>>> print(open('coords.pdb').read())   # PDB, C-alpha atoms and all ligand atoms
ATOM      1  CA  MET A   1     131.245  90.625  91.004
ATOM      2  CA  LEU A   2     132.237  93.953  92.568
ATOM      3  CA  VAL A   3     132.356  93.918  96.325
ATOM      4  CA  PRO A   4     131.620  97.322  97.877
ATOM      5  CA  GLU A   5     133.905  98.521 100.649
ATOM      6  CA  PHE A   6     131.113 100.632 102.152
ATOM      7  CA  VAL A   7     127.367  99.996 102.111
ATOM      8  CA  LEU A   8     125.668 103.143 103.384
ATOM      9  CA  THR A   9     122.107 104.214 104.193
ATOM     10  CA  TYR A  10     120.273 107.257 102.816
ATOM     11  CA  ALA A  11     117.014 108.534 104.337
ATOM     12  CA  GLU A  12     114.398 110.343 102.282
ATOM     13  CA  ASN A  13     110.898 111.150 103.564
ATOM     14  CA  GLN A  14     109.291 111.699 100.161
ATOM     15  CA  PRO A  15     107.769 108.997  97.933
ATOM     16  CA  GLU A  16     109.717 107.072  95.271
ATOM     17  CA  ASP A  17     108.785 109.232  92.287
ATOM     18  CA  TYR A  18     109.330 112.599  94.020
ATOM     19  CA  PRO A  19     112.104 114.822  92.575
ATOM     20  CA  THR A  20     114.274 114.710  95.724
ATOM     21  CA  THR A  21     114.071 110.895  95.811
ATOM     22  CA  GLN A  22     114.957 110.650  92.147
ATOM     23  CA  GLY A  23     117.860 113.016  92.874
ATOM     24  CA  ALA A  24     119.000 110.656  95.630
ATOM     25  CA  TYR A  25     118.963 107.663  93.276
ATOM     26  CA  ARG A  26     120.978 109.625  90.732
ATOM     27  CA  PHE A  27     123.445 110.582  93.499
ATOM     28  CA  ALA A  28     123.819 106.963  94.627
ATOM     29  CA  ALA A  29     124.334 105.747  91.051
ATOM     30  CA  LEU A  30     126.992 108.379  90.359
ATOM     31  CA  VAL A  31     128.872 107.609  93.571
ATOM     32  CA  TYR A  32     128.812 103.885  92.830
ATOM     33  CA  GLU A  33     130.113 104.426  89.314
ATOM     34  CA  ARG A  34     132.857 106.897  90.216
ATOM     35  CA  THR A  35     134.168 104.912  93.170
ATOM     36  CA  GLY A  36     134.379 101.852  90.943
ATOM     37  CA  GLY A  37     131.646 100.140  92.988
ATOM     38  CA  LYS A  38     133.450 100.684  96.300
ATOM     39  CA  VAL A  39     130.747 102.912  97.827
ATOM     40  CA  GLU A  40     127.182 101.690  97.624
ATOM     41  CA  ILE A  41     124.468 104.012  98.919
ATOM     42  CA  GLN A  42     121.073 102.429  99.558
ATOM     43  CA  VAL A  43     118.241 104.950  99.365
ATOM     44  CA  SER A  44     115.203 104.349 101.597
ATOM     45  CA  ALA A  45     112.319 106.546 100.476
ATOM     46  CA  GLY A  46     108.889 107.239 101.951
ATOM     47  CA  GLY A  47     110.188 107.993 105.433
ATOM     48  CA  ILE A  48     110.820 104.355 106.307
ATOM     49  CA  LEU A  49     113.971 105.252 108.238
ATOM     50  CA  GLY A  50     111.939 107.693 110.363
ATOM     51  CA  GLU A  51     110.701 111.262 110.301
ATOM     52  CA  GLU A  52     113.127 114.124 109.729
ATOM     53  CA  GLN A  53     113.946 115.066 113.326
ATOM     54  CA  SER A  54     114.765 111.504 114.274
ATOM     55  CA  THR A  55     116.725 110.993 111.045
ATOM     56  CA  ILE A  56     118.900 113.966 111.938
ATOM     57  CA  GLU A  57     119.493 112.702 115.470
ATOM     58  CA  GLN A  58     120.425 109.279 114.150
ATOM     59  CA  MET A  59     122.849 110.854 111.690
ATOM     60  CA  GLN A  60     124.515 112.777 114.494
ATOM     61  CA  PHE A  61     125.335 109.426 116.095
ATOM     62  CA  GLY A  62     126.266 107.774 112.805
ATOM     63  CA  GLY A  63     123.168 105.532 112.773
ATOM     64  CA  ILE A  64     122.065 106.810 109.351
ATOM     65  CA  ASP A  65     124.725 107.822 106.827
ATOM     66  CA  PHE A  66     123.045 110.187 104.357
ATOM     67  CA  ALA A  67     119.746 112.078 104.173
ATOM     68  CA  ARG A  68     117.897 114.746 102.327
ATOM     69  CA  VAL A  69     116.020 116.992 104.761
ATOM     70  CA  SER A  70     114.240 120.328 104.734
ATOM     71  CA  LEU A  71     116.353 123.245 105.959
ATOM     72  CA  SER A  72     113.592 123.963 108.514
ATOM     73  CA  SER A  73     114.465 120.806 110.379
ATOM     74  CA  VAL A  74     117.996 121.953 111.248
ATOM     75  CA  SER A  75     117.237 125.623 111.935
ATOM     76  CA  ASP A  76     116.362 125.253 115.623
ATOM     77  CA  PHE A  77     119.878 124.082 116.491
ATOM     78  CA  ILE A  78     121.669 126.195 113.854
ATOM     79  CA  PRO A  79     119.968 129.592 114.327
ATOM     80  CA  LYS A  80     121.904 131.199 111.472
ATOM     81  CA  MET A  81     119.992 128.910 109.081
ATOM     82  CA  ASN A  82     116.863 130.869 109.938
ATOM     83  CA  VAL A  83     118.106 133.576 107.615
ATOM     84  CA  LEU A  84     117.396 131.334 104.631
ATOM     85  CA  GLN A  85     113.816 130.681 105.622
ATOM     86  CA  MET A  86     112.794 134.253 106.351
ATOM     87  CA  PRO A  87     109.392 134.974 104.816
ATOM     88  CA  TYR A  88     109.448 136.808 101.486
ATOM     89  CA  LEU A  89     113.239 136.918 101.496
ATOM     90  CA  TYR A  90     113.603 136.286  97.765
ATOM     91  CA  THR A  91     111.740 137.864  94.895
ATOM     92  CA  ASP A  92     111.604 134.561  92.998
ATOM     93  CA  ALA A  93     113.280 131.178  92.480
ATOM     94  CA  GLU A  94     116.040 132.680  90.359
ATOM     95  CA  HIS A  95     116.972 135.048  93.179
ATOM     96  CA  MET A  96     117.161 132.151  95.656
ATOM     97  CA  TRP A  97     119.427 130.128  93.356
ATOM     98  CA  GLN A  98     121.650 133.123  92.753
ATOM     99  CA  VAL A  99     122.205 133.155  96.529
ATOM    100  CA  LEU A 100     122.461 129.406  97.191
ATOM    101  CA  GLU A 101     124.834 128.723  94.334
ATOM    102  CA  GLY A 102     127.177 131.561  95.245
ATOM    103  CA  ASP A 103     129.478 132.303  98.190
ATOM    104  CA  ILE A 104     126.555 132.881 100.553
ATOM    105  CA  GLY A 105     125.162 129.418  99.850
ATOM    106  CA  ASP A 106     128.584 127.808 100.372
ATOM    107  CA  GLU A 107     129.007 129.629 103.656
ATOM    108  CA  PHE A 108     125.631 128.362 104.862
ATOM    109  CA  LEU A 109     126.511 124.779 103.940
ATOM    110  CA  LYS A 110     129.516 125.110 106.272
ATOM    111  CA  THR A 111     127.321 126.156 109.223
ATOM    112  CA  LEU A 112     126.477 122.478 109.714
ATOM    113  CA  ASP A 113     130.092 121.693 110.596
ATOM    114  CA  GLY A 114     130.461 120.916 114.270
ATOM    115  CA  HIS A 115     126.904 119.581 114.554
ATOM    116  CA  GLY A 116     127.758 116.015 113.618
ATOM    117  CA  LEU A 117     126.692 116.663 110.020
ATOM    118  CA  VAL A 118     128.355 117.634 106.763
ATOM    119  CA  ALA A 119     126.253 119.406 104.112
ATOM    120  CA  LEU A 120     126.783 118.345 100.511
ATOM    121  CA  SER A 121     124.329 120.294  98.378
ATOM    122  CA  TRP A 122     121.041 122.187  98.110
ATOM    123  CA  TYR A 123     117.956 120.746  96.451
ATOM    124  CA  ASP A 124     114.951 122.720  95.247
ATOM    125  CA  ALA A 125     111.673 122.771  97.170
ATOM    126  CA  GLY A 126     109.965 125.746  95.543
ATOM    127  CA  ALA A 127     107.735 128.116  97.486
ATOM    128  CA  ARG A 128     105.368 127.193 100.307
ATOM    129  CA  ASN A 129     101.685 128.131 100.345
ATOM    130  CA  PHE A 130      98.810 127.744 102.805
ATOM    131  CA  TYR A 131      95.974 125.285 102.348
ATOM    132  CA  SER A 132      92.807 124.690 104.315
ATOM    133  CA  THR A 133      90.074 122.152 104.877
ATOM    134  CA  ALA A 134      86.904 124.172 105.332
ATOM    135  CA  LYS A 135      87.124 127.569 103.695
ATOM    136  CA  PRO A 136      89.403 129.401 101.290
ATOM    137  CA  VAL A 137      92.002 131.804 102.678
ATOM    138  CA  GLU A 138      91.576 134.993 100.683
ATOM    139  CA  THR A 139      92.535 137.634 103.227
ATOM    140  CA  LEU A 140      94.676 137.959 106.310
ATOM    141  CA  GLU A 141      91.506 137.860 108.413
ATOM    142  CA  ASP A 142      90.761 134.360 107.087
ATOM    143  CA  MET A 143      93.926 133.081 108.806
ATOM    144  CA  ARG A 144      92.837 134.279 112.250
ATOM    145  CA  GLY A 145      92.160 131.480 114.678
ATOM    146  CA  MET A 146      93.002 128.727 112.193
ATOM    147  CA  ARG A 147      95.030 125.794 113.529
ATOM    148  CA  VAL A 148      97.812 125.367 111.031
ATOM    149  CA  ARG A 149     100.361 122.566 110.987
ATOM    150  CA  VAL A 150     103.975 123.690 110.796
ATOM    151  CA  GLN A 151     107.314 121.889 110.667
ATOM    152  CA  GLU A 152     109.137 121.477 113.965
ATOM    153  CA  SER A 153     110.796 124.888 113.686
ATOM    154  CA  GLU A 154     110.430 127.985 115.877
ATOM    155  CA  VAL A 155     110.528 130.309 112.881
ATOM    156  CA  MET A 156     107.803 128.419 111.065
ATOM    157  CA  LYS A 157     105.686 128.687 114.214
ATOM    158  CA  ALA A 158     106.328 132.420 114.276
ATOM    159  CA  VAL A 159     105.352 132.768 110.598
ATOM    160  CA  VAL A 160     101.946 131.259 111.229
ATOM    161  CA  GLU A 161     101.408 133.091 114.499
ATOM    162  CA  ALA A 162     102.264 136.437 112.878
ATOM    163  CA  LEU A 163      99.165 135.904 110.744
ATOM    164  CA  GLY A 164      96.946 135.355 113.778
ATOM    165  CA  ALA A 165      96.675 131.566 113.412
ATOM    166  CA  SER A 166      97.773 128.932 115.950
ATOM    167  CA  ALA A 167     100.770 126.875 114.942
ATOM    168  CA  VAL A 168     100.657 123.109 115.460
ATOM    169  CA  PRO A 169     104.139 121.552 115.007
ATOM    170  CA  MET A 170     103.912 118.021 113.669
ATOM    171  CA  ALA A 171     105.896 115.537 111.575
ATOM    172  CA  TYR A 172     105.179 115.458 107.846
ATOM    173  CA  ASP A 173     103.723 111.950 107.748
ATOM    174  CA  GLU A 174     101.046 112.836 110.314
ATOM    175  CA  VAL A 175      99.591 115.784 108.411
ATOM    176  CA  TYR A 176      97.103 113.928 106.212
ATOM    177  CA  SER A 177      95.262 112.304 109.065
ATOM    178  CA  ALA A 178      95.384 115.480 111.183
ATOM    179  CA  LEU A 179      93.685 117.358 108.328
ATOM    180  CA  GLU A 180      91.192 114.564 107.805
ATOM    181  CA  THR A 181      90.176 114.271 111.452
ATOM    182  CA  GLY A 182      90.025 118.021 112.054
ATOM    183  CA  VAL A 183      92.953 118.151 114.504
ATOM    184  CA  ILE A 184      94.167 121.012 112.277
ATOM    185  CA  ASP A 185      92.337 123.322 109.857
ATOM    186  CA  GLY A 186      95.191 123.740 107.442
ATOM    187  CA  ALA A 187      98.869 123.359 106.641
ATOM    188  CA  GLU A 188     101.415 124.842 104.284
ATOM    189  CA  ASN A 189     103.676 123.328 101.693
ATOM    190  CA  ASN A 190     104.824 123.477  98.068
ATOM    191  CA  TRP A 191     102.746 122.168  95.134
ATOM    192  CA  PRO A 192     104.553 118.810  94.773
ATOM    193  CA  SER A 193     104.164 117.937  98.482
ATOM    194  CA  TYR A 194     100.515 119.036  98.557
ATOM    195  CA  ASP A 195      99.966 116.758  95.587
ATOM    196  CA  SER A 196     102.106 113.728  96.404
ATOM    197  CA  MET A 197     100.971 113.437 100.047
ATOM    198  CA  ARG A 198      97.394 113.800  98.742
ATOM    199  CA  HIS A 199      96.700 116.609 101.211
ATOM    200  CA  TYR A 200      94.502 118.170  98.526
ATOM    201  CA  GLU A 201      91.943 115.401  99.085
ATOM    202  CA  VAL A 202      91.249 116.640 102.613
ATOM    203  CA  ALA A 203      92.256 120.315 102.312
ATOM    204  CA  PRO A 204      90.969 121.427  98.918
ATOM    205  CA  TYR A 205      91.636 125.194  99.200
ATOM    206  CA  TYR A 206      95.182 126.175  98.162
ATOM    207  CA  THR A 207      96.184 129.817  98.573
ATOM    208  CA  VAL A 208      99.217 130.890  96.569
ATOM    209  CA  ASP A 209     100.843 133.363  98.963
ATOM    210  CA  GLU A 210     104.436 132.028  98.583
ATOM    211  CA  HIS A 211     105.395 133.006 102.134
ATOM    212  CA  THR A 212     108.696 131.102 102.222
ATOM    213  CA  ARG A 213     111.182 129.363  99.933
ATOM    214  CA  VAL A 214     112.793 126.709 102.097
ATOM    215  CA  PRO A 215     115.425 124.702 100.231
ATOM    216  CA  GLU A 216     116.332 121.091 100.937
ATOM    217  CA  LEU A 217     119.743 119.942 102.162
ATOM    218  CA  GLN A 218     121.636 116.805 101.242
ATOM    219  CA  LEU A 219     123.595 115.725 104.295
ATOM    220  CA  VAL A 220     126.076 113.095 105.392
ATOM    221  CA  SER A 221     126.751 112.090 108.965
ATOM    222  CA  GLU A 222     130.106 113.439 110.164
ATOM    223  CA  ALA A 223     130.914 110.031 111.673
ATOM    224  CA  THR A 224     130.423 108.402 108.260
ATOM    225  CA  TRP A 225     132.386 111.168 106.547
ATOM    226  CA  LYS A 226     135.363 110.528 108.793
ATOM    227  CA  LYS A 227     135.225 106.808 108.087
ATOM    228  CA  LEU A 228     135.370 107.352 104.334
ATOM    229  CA  PRO A 229     138.832 107.684 102.797
ATOM    230  CA  ALA A 230     139.621 111.289 101.816
ATOM    231  CA  GLU A 231     139.892 110.276  98.134
ATOM    232  CA  TYR A 232     136.119 109.662  98.120
ATOM    233  CA  HIS A 233     135.190 113.019  99.668
ATOM    234  CA  GLU A 234     135.563 115.105  96.525
ATOM    235  CA  ILE A 235     133.860 112.435  94.421
ATOM    236  CA  ILE A 236     130.881 112.399  96.781
ATOM    237  CA  ARG A 237     130.629 116.190  96.876
ATOM    238  CA  GLN A 238     130.777 116.381  93.097
ATOM    239  CA  CYS A 239     128.101 113.676  92.683
ATOM    240  CA  ALA A 240     125.860 115.535  95.169
ATOM    241  CA  ARG A 241     126.213 118.750  93.150
ATOM    242  CA  GLU A 242     125.444 116.938  89.906
ATOM    243  CA  SER A 243     122.423 115.223  91.404
ATOM    244  CA  ALA A 244     121.200 118.648  92.549
ATOM    245  CA  VAL A 245     121.201 119.932  88.973
ATOM    246  CA  TYR A 246     119.124 116.906  88.012
ATOM    247  CA  GLU A 247     116.736 117.383  90.946
ATOM    248  CA  ARG A 248     116.108 120.997  89.972
ATOM    249  CA  LYS A 249     115.192 119.981  86.447
ATOM    250  CA  LEU A 250     112.749 117.371  87.756
ATOM    251  CA  TRP A 251     111.409 119.901  90.250
ATOM    252  CA  ALA A 252     110.504 122.401  87.549
ATOM    253  CA  GLU A 253     108.556 119.704  85.684
ATOM    254  CA  ARG A 254     106.920 118.381  88.833
ATOM    255  CA  ILE A 255     105.569 121.764  89.925
ATOM    256  CA  ARG A 256     103.590 122.042  86.689
ATOM    257  CA  GLU A 257     102.306 118.465  86.864
ATOM    258  CA  ALA A 258     101.313 118.796  90.523
ATOM    259  CA  GLU A 259      99.375 121.985  89.915
ATOM    260  CA  GLU A 260      97.558 120.456  86.945
ATOM    261  CA  ARG A 261      96.709 117.320  88.897
ATOM    262  CA  VAL A 262      95.239 119.090  91.920
ATOM    263  CA  ARG A 263      93.286 121.518  89.731
ATOM    264  CA  ARG A 264      91.853 118.557  87.801
ATOM    265  CA  ALA A 265      90.917 116.938  91.107
ATOM    266  CA  GLY A 266      88.675 119.951  91.732
ATOM    267  CA  CYS A 267      90.732 121.956  94.212
ATOM    268  CA  GLN A 268      90.136 125.648  94.480
ATOM    269  CA  VAL A 269      93.322 127.639  93.902
ATOM    270  CA  ILE A 270      93.276 131.132  95.348
ATOM    271  CA  GLU A 271      95.696 133.781  94.070
ATOM    272  CA  LEU A 272      96.095 136.513  96.667
ATOM    273  CA  THR A 273      95.577 140.032  95.350
ATOM    274  CA  LEU A 274      98.745 142.159  95.356
ATOM    275  CA  GLU A 275      97.266 144.240  98.130
ATOM    276  CA  GLU A 276      96.535 141.197 100.289
ATOM    277  CA  LYS A 277      99.954 139.695  99.641
ATOM    278  CA  ALA A 278     101.473 142.967 100.841
ATOM    279  CA  ARG A 279      99.456 142.606 104.071
ATOM    280  CA  PHE A 280     100.784 139.051 104.606
ATOM    281  CA  ARG A 281     104.295 140.295 104.012
ATOM    282  CA  GLU A 282     103.875 143.243 106.345
ATOM    283  CA  ALA A 283     102.534 141.037 109.155
ATOM    284  CA  MET A 284     105.696 138.898 108.981
ATOM    285  CA  ILE A 285     108.288 141.686 109.085
ATOM    286  CA  PRO A 286     108.789 141.479 112.904
ATOM    287  CA  ILE A 287     110.116 137.913 112.464
ATOM    288  CA  TYR A 288     113.289 139.322 110.915
ATOM    289  CA  GLY A 289     114.041 141.332 114.056
ATOM    290  CA  GLU A 290     113.116 138.499 116.347
ATOM    291  CA  TYR A 291     115.174 135.747 114.735
ATOM    292  CA  CYS A 292     117.799 137.412 112.565
ATOM    293  CA  SER A 293     118.925 140.590 114.310
ATOM    294  CA  ASP A 294     122.496 139.198 114.444
ATOM    295  CA  TYR A 295     122.522 138.482 110.716
ATOM    296  CA  MET A 296     121.129 141.651 109.162
ATOM    297  CA  ASP A 297     124.340 142.131 107.150
ATOM    298  CA  ILE A 298     123.825 138.764 105.435
ATOM    299  CA  ILE A 299     120.172 139.547 104.818
ATOM    300  CA  GLU A 300     121.196 142.764 103.076
ATOM    301  CA  LYS A 301     123.685 140.861 100.933
ATOM    302  CA  ILE A 302     120.951 138.397  99.992
ATOM    303  CA  ILE A 303     118.558 141.177  99.053
ATOM    304  CA  ASP A 304     121.292 142.837  96.985
ATOM    305  CA  ALA A 305     121.984 139.588  95.125
ATOM    306  CA  ASP A 306     118.696 139.994  93.242
ATOM    307  CA  LYS A 307     120.004 141.249  89.924
TER     308      LYS A 307
HETATM  309  C1  LIG B 401     108.656 119.456 102.294
HETATM  310  C2  LIG B 401     110.011 118.794 102.442
HETATM  311  C3  LIG B 401     109.998 117.674 103.464
HETATM  312  C4  LIG B 401     109.412 118.171 104.768
HETATM  313  C5  LIG B 401     108.044 118.742 104.509
HETATM  314  C6  LIG B 401     107.328 119.226 105.774
HETATM  315  O1  LIG B 401     107.747 118.573 101.716
HETATM  316  O2  LIG B 401     110.412 118.272 101.208
HETATM  317  O3  LIG B 401     111.299 117.212 103.667
HETATM  318  O4  LIG B 401     109.334 117.131 105.716
HETATM  319  O5  LIG B 401     108.159 119.825 103.594
HETATM  320  O6  LIG B 401     106.520 120.128 105.658
HETATM  321  O7  LIG B 401     107.557 118.643 106.826
END
>>> encode(input="coords.pdb", output="structure tokens")
Amino acid sequence: MLVPEFVLTYAENQPEDYPTTQGAYRFAALVYERTGGKVEIQVSAGGILGEEQSTIEQMQFGGIDFARVSLSSVSDFIPKMNVLQMPYLYTDAEHMWQVLEGDIGDEFLKTLDGHGLVALSWYDAGARNFYSTAKPVETLEDMRGMRVRVQESEVMKAVVEALGASAVPMAYDEVYSALETGVIDGAENNWPSYDSMRHYEVAPYYTVDEHTRVPELQLVSEATWKKLPAEYHEIIRQCARESAVYERKLWAERIREAEERVRRAGCQVIELTLEEKARFREAMIPIYGEYCSDYMDIIEKIIDADK
């Protein structure tokens, strides 16, 4: 029997069958195979190792080895990351991948250096949309006064507040019950999360406004990275990149399935008119000045990358 030299943990807050979790299993299998069984990565899905903020803190002390987290959860301590979650930054998914897979994306992965973390790859998380418990959001006015759950990120708070709603920061696993008990009137997330966390059961109005495209990050704790022999570093990076290709394929399938499932369950899907979408976009423009004034050159490069 092969005896691993390293047995390492991997935190994932999505359920077992979710694309990012399946990507993590693929990653772990590839690493095991290519290190000849010397590095075994044990994936814990469903948030059992804790919610994202605490996972990140534990990684910074070497308590958890690997994780897949949303970019929003590192942006408060790495302000440059805010660039990549600016509302309506990309025209579509292709534009975002053009950026993330090129030099700009590589440069952003390096911004985690010095924070106790090493970034390995990007995973897809599609576009985020608003959803609500009591009434459909069809116009900007419908957002006014709503209490909307956001991730623990200043920019995500600002996005919601720019629309006249109140932002309620909260961990992902608390959203269902907060929607159910009326602590919040709505939230925002991509189709697969809305579906797999069953938020559609308690917030049946889904408004496709696509305000942000926030990618996922695959991370390793810097303490763990330093413990691993250098010969494994390139193997691990390569396996992370390959697992990302796999995750993106699963993601594309999952978006379609999730949409079909929630429509079948009787949810009302609202497509904003072009005019209304332009109003949402307009309302969020000040966020660029507020959070990214030091990075306007990068923002221009990103906009120009849309070919
Ligand atoms: C997405 C993302 C999660 C994140 C969640 C959130 O679902 O994949 O990692 O926790 O958004 O809204 O908190």
>>> axis_aligned_box(input="coords.pdb", around="stretch 273-277 of chain A", padding_each_side="8 Å", output="AutoDock Vina command-line options")
--center_x 97.8 --center_y 142.0 --center_z 97.8 --size_x 20.4 --size_y 20.5 --size_z 20.9
>>> closest_residue(input="coords.pdb", among="A:Ser221, A:Gln151, A:Gln53, A:Asn82", to="ligand LIG 401 (chain B)", atoms="only C-alpha atoms and all ligand atoms")
A:Gln151
>>> closest_residue(input="coords.pdb", among="A:Asp113, A:Glu51, A:Glu275, A:Glu94", to="A:Ala223", atoms="only C-alpha atoms")
A:Asp113
>>> residues_near_point(input="coords.pdb", point="(127.1, 111.8, 92.6)", cutoff="6 Å", atoms="all atoms listed in the file", output="list of chain:residue names")
A:Phe27, A:Leu30, A:Val31, A:Ile236, A:Gln238, A:Cys239, A:Ala240, A:Ser243
>>> residues_near_ligand(input="coords.pdb", ligand="ligand LIG 401 (chain B)", cutoff="8 Å", atoms="only C-alpha atoms and all ligand atoms", output="JSON list (two decimals) with C-alpha atoms, in the frame of the given file")
[["chain", "number", "residue", "atom", "x", "y", "z"],
["A", 12, "GLU", "CA", 114.40, 110.34, 102.28],
["A", 13, "ASN", "CA", 110.90, 111.15, 103.56],
["A", 14, "GLN", "CA", 109.29, 111.70, 100.16],
["A", 20, "THR", "CA", 114.27, 114.71, 95.72],
["A", 51, "GLU", "CA", 110.70, 111.26, 110.30],
["A", 52, "GLU", "CA", 113.13, 114.12, 109.73],
["A", 68, "ARG", "CA", 117.90, 114.75, 102.33],
["A", 69, "VAL", "CA", 116.02, 116.99, 104.76],
["A", 70, "SER", "CA", 114.24, 120.33, 104.73],
["A", 73, "SER", "CA", 114.46, 120.81, 110.38],
["A", 125, "ALA", "CA", 111.67, 122.77, 97.17],
["A", 150, "VAL", "CA", 103.98, 123.69, 110.80],
["A", 151, "GLN", "CA", 107.31, 121.89, 110.67],
["A", 152, "GLU", "CA", 109.14, 121.48, 113.96],
["A", 170, "MET", "CA", 103.91, 118.02, 113.67],
["A", 171, "ALA", "CA", 105.90, 115.54, 111.58],
["A", 172, "TYR", "CA", 105.18, 115.46, 107.85],
["A", 173, "ASP", "CA", 103.72, 111.95, 107.75],
["A", 188, "GLU", "CA", 101.42, 124.84, 104.28],
["A", 189, "ASN", "CA", 103.68, 123.33, 101.69],
["A", 190, "ASN", "CA", 104.82, 123.48, 98.07],
["A", 192, "PRO", "CA", 104.55, 118.81, 94.77],
["A", 193, "SER", "CA", 104.16, 117.94, 98.48],
["A", 194, "TYR", "CA", 100.52, 119.04, 98.56],
["A", 216, "GLU", "CA", 116.33, 121.09, 100.94]]
>>> closest_residue(input="coords.pdb", among="A:Val155, A:Leu100, A:Ala187, A:Val39", to="A:Ile78", atoms="all atoms listed in the file")
A:Val155
>>> resolve_selection(input="coords.pdb", expression="the PyMOL selection byres (((chain A and resi 120) around 12) and not hetatm)", output="JSON, numbers by chain")
{"A": [24, 27, 66, 67, 68, 69, 105, 106, 107, 108, 109, 110, 111, 112, 113, 117, 118, 119, 121, 122, 123, 216, 217, 218, 219, 220, 221, 222, 225, 233, 234, 235, 236, 237, 238, 239, 240, 241, 242, 243, 244]}
>>> resolve_selection(input="coords.pdb", expression="the PyMOL selection byres (((chain A and resi 202) around 9) and not hetatm)", output="list in words")
Ser132, Thr133, Tyr176, Ser177, Leu179, Glu180, Arg198, His199, Tyr200, Glu201, Ala203 and Pro204 of chain A
>>> write_last_selection(input="coords.pdb", atoms="C-alpha atoms", output="CSV table (one decimal), keeping the file's coordinate frame")
chain,number,residue,atom,x,y,z
A,132,SER,CA,92.8,124.7,104.3
A,133,THR,CA,90.1,122.2,104.9
A,176,TYR,CA,97.1,113.9,106.2
A,177,SER,CA,95.3,112.3,109.1
A,179,LEU,CA,93.7,117.4,108.3
A,180,GLU,CA,91.2,114.6,107.8
A,198,ARG,CA,97.4,113.8,98.7
A,199,HIS,CA,96.7,116.6,101.2
A,200,TYR,CA,94.5,118.2,98.5
A,201,GLU,CA,91.9,115.4,99.1
A,203,ALA,CA,92.3,120.3,102.3
A,204,PRO,CA,91.0,121.4,98.9
>>> residues_around(input="coords.pdb", residues="A:Thr273", least_positions_apart="5", cutoff="12 Å", atoms="only C-alpha atoms", output="JSON, numbers by chain")
{"A": [137, 138, 139, 140, 207, 208, 209, 278, 279, 280]}
>>> atom_distance(input="coords.pdb", atom1="atom CA of A:Ala93", atom2="atom CA of A:Glu154")
23.8 Å
>>> closest_residue(input="coords.pdb", among="A:Arg144, A:Met86, A:Glu276, A:Leu228", to="A:Gly289", atoms="all atoms listed in the file")
A:Met86
>>> atom_distance(input="coords.pdb", atom1="atom CA of A:Gln268", atom2="atom CA of A:Lys135")
9.9 Å
>>> atom_distance(input="coords.pdb", atom1="atom CA of A:Glu5", atom2="atom CA of A:Lys38")
4.9 Å
>>> closest_residue(input="coords.pdb", among="A:Glu282, A:Asp294, A:Glu257, A:Glu247", to="A:His211", atoms="only C-alpha atoms")
A:Glu282
